Amino acid sequence: MKRDNHYEAAFERYLRDRGVAVVPVVESRRSYLDETEVKSPDFIVAGPSRRLVVDVKGRQFPSLSAGKPRLTWQNWSTAGDIDGLARWSGRLGDGF
């Protein structure tokens, strides 16, 4: 988790206000599963009925840009993000 990212801070606060167990992951160094590098998630969450590996992505509302309307929401998730989440959930076991 990046402490200066307001999206991540808001997500963590939301979970904590609801009493959900949350572990912020410090992303200052790359993580490794087995011998290969993998993108770190932002949080590991253990709720009463679910366990999650979470990577928070911020969004901006579509607006005018250089006089042209931007009418779509952009997907900021990369193939590396999806691969990393899948690998972490597989390593953490059933239920993630």
# chains A, B, ... in the order shown; residues from 1 in each chain; ligands from 1
>>> residues_around(residues="Ser49 (chain A)", least_positions_apart="6", cutoff="12 Å", atoms="only C-alpha atoms", output="PyMOL selection string")
chain A and resi 20-21+95-96
>>> write_last_selection(atoms="all heavy atoms", output="mmCIF file, in the first residue's frame")
data_model
loop_
_atom_site.group_PDB
_atom_site.id
_atom_site.type_symbol
_atom_site.label_atom_id
_atom_site.label_comp_id
_atom_site.auth_asym_id
_atom_site.auth_seq_id
_atom_site.Cartn_x
_atom_site.Cartn_y
_atom_site.Cartn_z
ATOM 1 N N VAL A 20 -13.452 -5.178 9.554
ATOM 2 C CA VAL A 20 -12.895 -6.234 8.712
ATOM 3 C C VAL A 20 -11.377 -6.273 8.899
ATOM 4 O O VAL A 20 -10.724 -5.231 8.925
ATOM 5 C CB VAL A 20 -13.238 -5.972 7.225
ATOM 6 C CG1 VAL A 20 -12.590 -7.004 6.324
ATOM 7 C CG2 VAL A 20 -14.750 -5.946 7.026
ATOM 8 N N ALA A 21 -10.839 -7.460 9.042
ATOM 9 C CA ALA A 21 -9.390 -7.610 9.191
ATOM 10 C C ALA A 21 -8.720 -7.313 7.853
ATOM 11 O O ALA A 21 -9.065 -7.902 6.829
ATOM 12 C CB ALA A 21 -9.051 -9.025 9.643
ATOM 13 N N GLY A 95 -10.325 -20.295 -0.908
ATOM 14 C CA GLY A 95 -11.087 -19.224 -0.288
ATOM 15 C C GLY A 95 -10.612 -17.845 -0.651
ATOM 16 O O GLY A 95 -11.295 -16.856 -0.351
ATOM 17 N N PHE A 96 -9.443 -17.695 -1.264
ATOM 18 C CA PHE A 96 -8.971 -16.371 -1.677
ATOM 19 C C PHE A 96 -9.341 -16.142 -3.117
ATOM 20 O O PHE A 96 -9.364 -17.019 -3.924
ATOM 21 C CB PHE A 96 -7.445 -16.235 -1.507
ATOM 22 C CG PHE A 96 -7.052 -15.819 -0.125
ATOM 23 C CD1 PHE A 96 -6.780 -16.774 0.836
ATOM 24 C CD2 PHE A 96 -6.965 -14.488 0.222
ATOM 25 C CE1 PHE A 96 -6.412 -16.403 2.114
ATOM 26 C CE2 PHE A 96 -6.601 -14.102 1.493
ATOM 27 C CZ PHE A 96 -6.324 -15.073 2.442
#
>>> residues_around(residues="Gly58 (chain A)", least_positions_apart="2", cutoff="9 Å", atoms="only C-alpha atoms", output="list of chain:residue names")
A:Asn5, A:His6, A:Tyr7, A:Glu8, A:Val56, A:Gln60, A:Trp76
>>> write_last_selection(atoms="all heavy atoms", output="CSV table (one decimal), in the first residue's frame")
chain,number,residue,atom,x,y,z
A,5,ASN,N,-1.6,7.4,-1.4
A,5,ASN,CA,-2.6,7.1,-2.4
A,5,ASN,C,-4.0,7.2,-1.7
A,5,ASN,O,-4.3,6.4,-0.9
A,5,ASN,CB,-2.4,5.7,-3.0
A,5,ASN,CG,-3.4,5.4,-4.1
A,5,ASN,OD1,-4.6,5.6,-3.9
A,5,ASN,ND2,-3.0,4.9,-5.2
A,6,HIS,N,-4.8,8.2,-2.0
A,6,HIS,CA,-6.0,8.5,-1.3
A,6,HIS,C,-7.1,7.4,-1.6
A,6,HIS,O,-7.9,7.1,-0.8
A,6,HIS,CB,-6.6,9.9,-1.6
A,6,HIS,CG,-7.0,10.1,-3.0
A,6,HIS,ND1,-6.1,10.5,-4.0
A,6,HIS,CD2,-8.2,10.1,-3.6
A,6,HIS,CE1,-6.8,10.6,-5.1
A,6,HIS,NE2,-8.1,10.4,-4.9
A,7,TYR,N,-7.0,6.7,-2.8
A,7,TYR,CA,-7.9,5.6,-3.1
A,7,TYR,C,-7.6,4.4,-2.1
A,7,TYR,O,-8.6,3.9,-1.5
A,7,TYR,CB,-7.7,5.1,-4.5
A,7,TYR,CG,-8.1,6.1,-5.5
A,7,TYR,CD1,-7.2,6.8,-6.3
A,7,TYR,CD2,-9.5,6.4,-5.8
A,7,TYR,CE1,-7.5,7.7,-7.3
A,7,TYR,CE2,-9.8,7.3,-6.8
A,7,TYR,CZ,-8.8,7.9,-7.5
A,7,TYR,OH,-9.2,8.8,-8.5
A,8,GLU,N,-6.4,4.1,-1.9
A,8,GLU,CA,-6.0,3.0,-1.0
A,8,GLU,C,-6.3,3.4,0.4
A,8,GLU,O,-6.8,2.5,1.2
A,8,GLU,CB,-4.6,2.7,-1.2
A,8,GLU,CG,-4.3,2.1,-2.6
A,8,GLU,CD,-2.8,1.8,-2.8
A,8,GLU,OE1,-2.0,1.7,-1.9
A,8,GLU,OE2,-2.5,1.6,-4.0
A,56,VAL,N,-6.0,-2.0,-5.4
A,56,VAL,CA,-6.9,-0.9,-5.6
A,56,VAL,C,-6.4,0.0,-6.8
A,56,VAL,O,-5.3,0.3,-6.9
A,56,VAL,CB,-6.9,0.0,-4.3
A,56,VAL,CG1,-7.8,1.3,-4.5
A,56,VAL,CG2,-7.4,-0.8,-3.1
A,60,GLN,N,-10.9,8.2,-12.6
A,60,GLN,CA,-11.3,9.6,-12.7
A,60,GLN,C,-12.6,9.6,-13.5
A,60,GLN,O,-12.7,8.9,-14.5
A,60,GLN,CB,-10.2,10.5,-13.4
A,60,GLN,CG,-9.0,10.6,-12.6
A,60,GLN,CD,-8.0,11.5,-13.3
A,60,GLN,OE1,-8.1,11.9,-14.4
A,60,GLN,NE2,-6.9,11.9,-12.5
A,76,TRP,N,-7.4,0.6,-15.9
A,76,TRP,CA,-6.0,0.8,-15.5
A,76,TRP,C,-5.4,-0.5,-15.1
A,76,TRP,O,-4.2,-0.6,-14.8
A,76,TRP,CB,-5.9,1.8,-14.4
A,76,TRP,CG,-6.3,3.2,-14.7
A,76,TRP,CD1,-6.6,3.7,-16.0
A,76,TRP,CD2,-6.3,4.3,-13.9
A,76,TRP,NE1,-6.9,5.0,-15.9
A,76,TRP,CE2,-6.7,5.4,-14.6
A,76,TRP,CE3,-6.1,4.4,-12.5
A,76,TRP,CZ2,-6.9,6.7,-14.1
A,76,TRP,CZ3,-6.3,5.7,-12.0
A,76,TRP,CH2,-6.7,6.8,-12.7
>>> atom_distance(atom1="CA of Val26 (chain A)", atom2="CA of Asp42 (chain A)")
7.4 Å
>>> residues_around(residues="region 78-94 of chain A", least_positions_apart="5", cutoff="12 Å", atoms="only C-alpha atoms", output="ChimeraX atom specification")
/A:30-34,36-46,50-57
>>> write_last_selection(atoms="C-alpha atoms", output="PDB file, in the first residue's frame")
ATOM      1  CA  ARG A  30       8.989  -6.542  -5.281  1.00  0.00           C
ATOM      2  CA  SER A  31       7.714  -9.836  -3.928  1.00  0.00           C
ATOM      3  CA  TYR A  32       8.648 -13.289  -5.071  1.00  0.00           C
ATOM      4  CA  LEU A  33       6.602 -16.467  -5.302  1.00  0.00           C
ATOM      5  CA  ASP A  34       8.890 -19.410  -5.761  1.00  0.00           C
ATOM      6  CA  THR A  36       9.814 -15.564  -9.912  1.00  0.00           C
ATOM      7  CA  GLU A  37       8.960 -11.928  -9.284  1.00  0.00           C
ATOM      8  CA  VAL A  38       5.304 -11.028  -8.802  1.00  0.00           C
ATOM      9  CA  LYS A  39       3.497  -7.724  -8.298  1.00  0.00           C
ATOM     10  CA  SER A  40       2.495  -7.214  -4.681  1.00  0.00           C
ATOM     11  CA  PRO A  41      -1.182  -6.708  -3.881  1.00  0.00           C
ATOM     12  CA  ASP A  42      -2.252  -3.614  -1.936  1.00  0.00           C
ATOM     13  CA  PHE A  43      -4.167  -5.537   0.756  1.00  0.00           C
ATOM     14  CA  ILE A  44      -4.929  -8.966   2.087  1.00  0.00           C
ATOM     15  CA  VAL A  45      -8.454  -8.907   3.509  1.00  0.00           C
ATOM     16  CA  ALA A  46     -10.064 -11.480   5.800  1.00  0.00           C
ATOM     17  CA  ARG A  50     -14.651 -13.863   2.314  1.00  0.00           C
ATOM     18  CA  ARG A  51     -10.907 -13.658   1.999  1.00  0.00           C
ATOM     19  CA  LEU A  52      -9.533 -11.361  -0.682  1.00  0.00           C
ATOM     20  CA  VAL A  53      -6.293 -10.328  -2.334  1.00  0.00           C
ATOM     21  CA  VAL A  54      -6.876  -6.709  -3.394  1.00  0.00           C
ATOM     22  CA  ASP A  55      -5.177  -4.281  -5.752  1.00  0.00           C
ATOM     23  CA  VAL A  56      -6.880  -0.865  -5.597  1.00  0.00           C
ATOM     24  CA  LYS A  57      -7.122   1.121  -8.811  1.00  0.00           C
TER      25      LYS A  57
END
>>> residues_around(residues="Arg18 (chain A)", least_positions_apart="5", cutoff="12 Å", atoms="only C-alpha atoms", output="VMD selection string")
chain A and resid 11 to 13 46 to 48
>>> write_last_selection(atoms="N, CA and C atoms", output="CSV table (one decimal), in the first residue's frame")
chain,number,residue,atom,x,y,z
A,11,PHE,N,-10.1,3.0,1.0
A,11,PHE,CA,-10.5,1.6,1.0
A,11,PHE,C,-10.1,1.0,2.4
A,12,GLU,N,-8.9,1.3,2.8
A,12,GLU,CA,-8.5,0.7,4.1
A,12,GLU,C,-9.4,1.2,5.2
A,13,ARG,N,-9.7,2.5,5.2
A,13,ARG,CA,-10.6,3.1,6.3
A,13,ARG,C,-12.0,2.5,6.2
A,46,ALA,N,-9.4,-10.3,5.3
A,46,ALA,CA,-10.1,-11.5,5.8
A,46,ALA,C,-11.4,-11.0,6.5
A,47,GLY,N,-12.4,-11.2,5.7
A,47,GLY,CA,-13.8,-10.8,6.2
A,47,GLY,C,-14.4,-12.1,6.8
A,48,PRO,N,-15.6,-11.9,7.4
A,48,PRO,CA,-16.3,-13.0,8.0
A,48,PRO,C,-16.7,-14.1,7.0
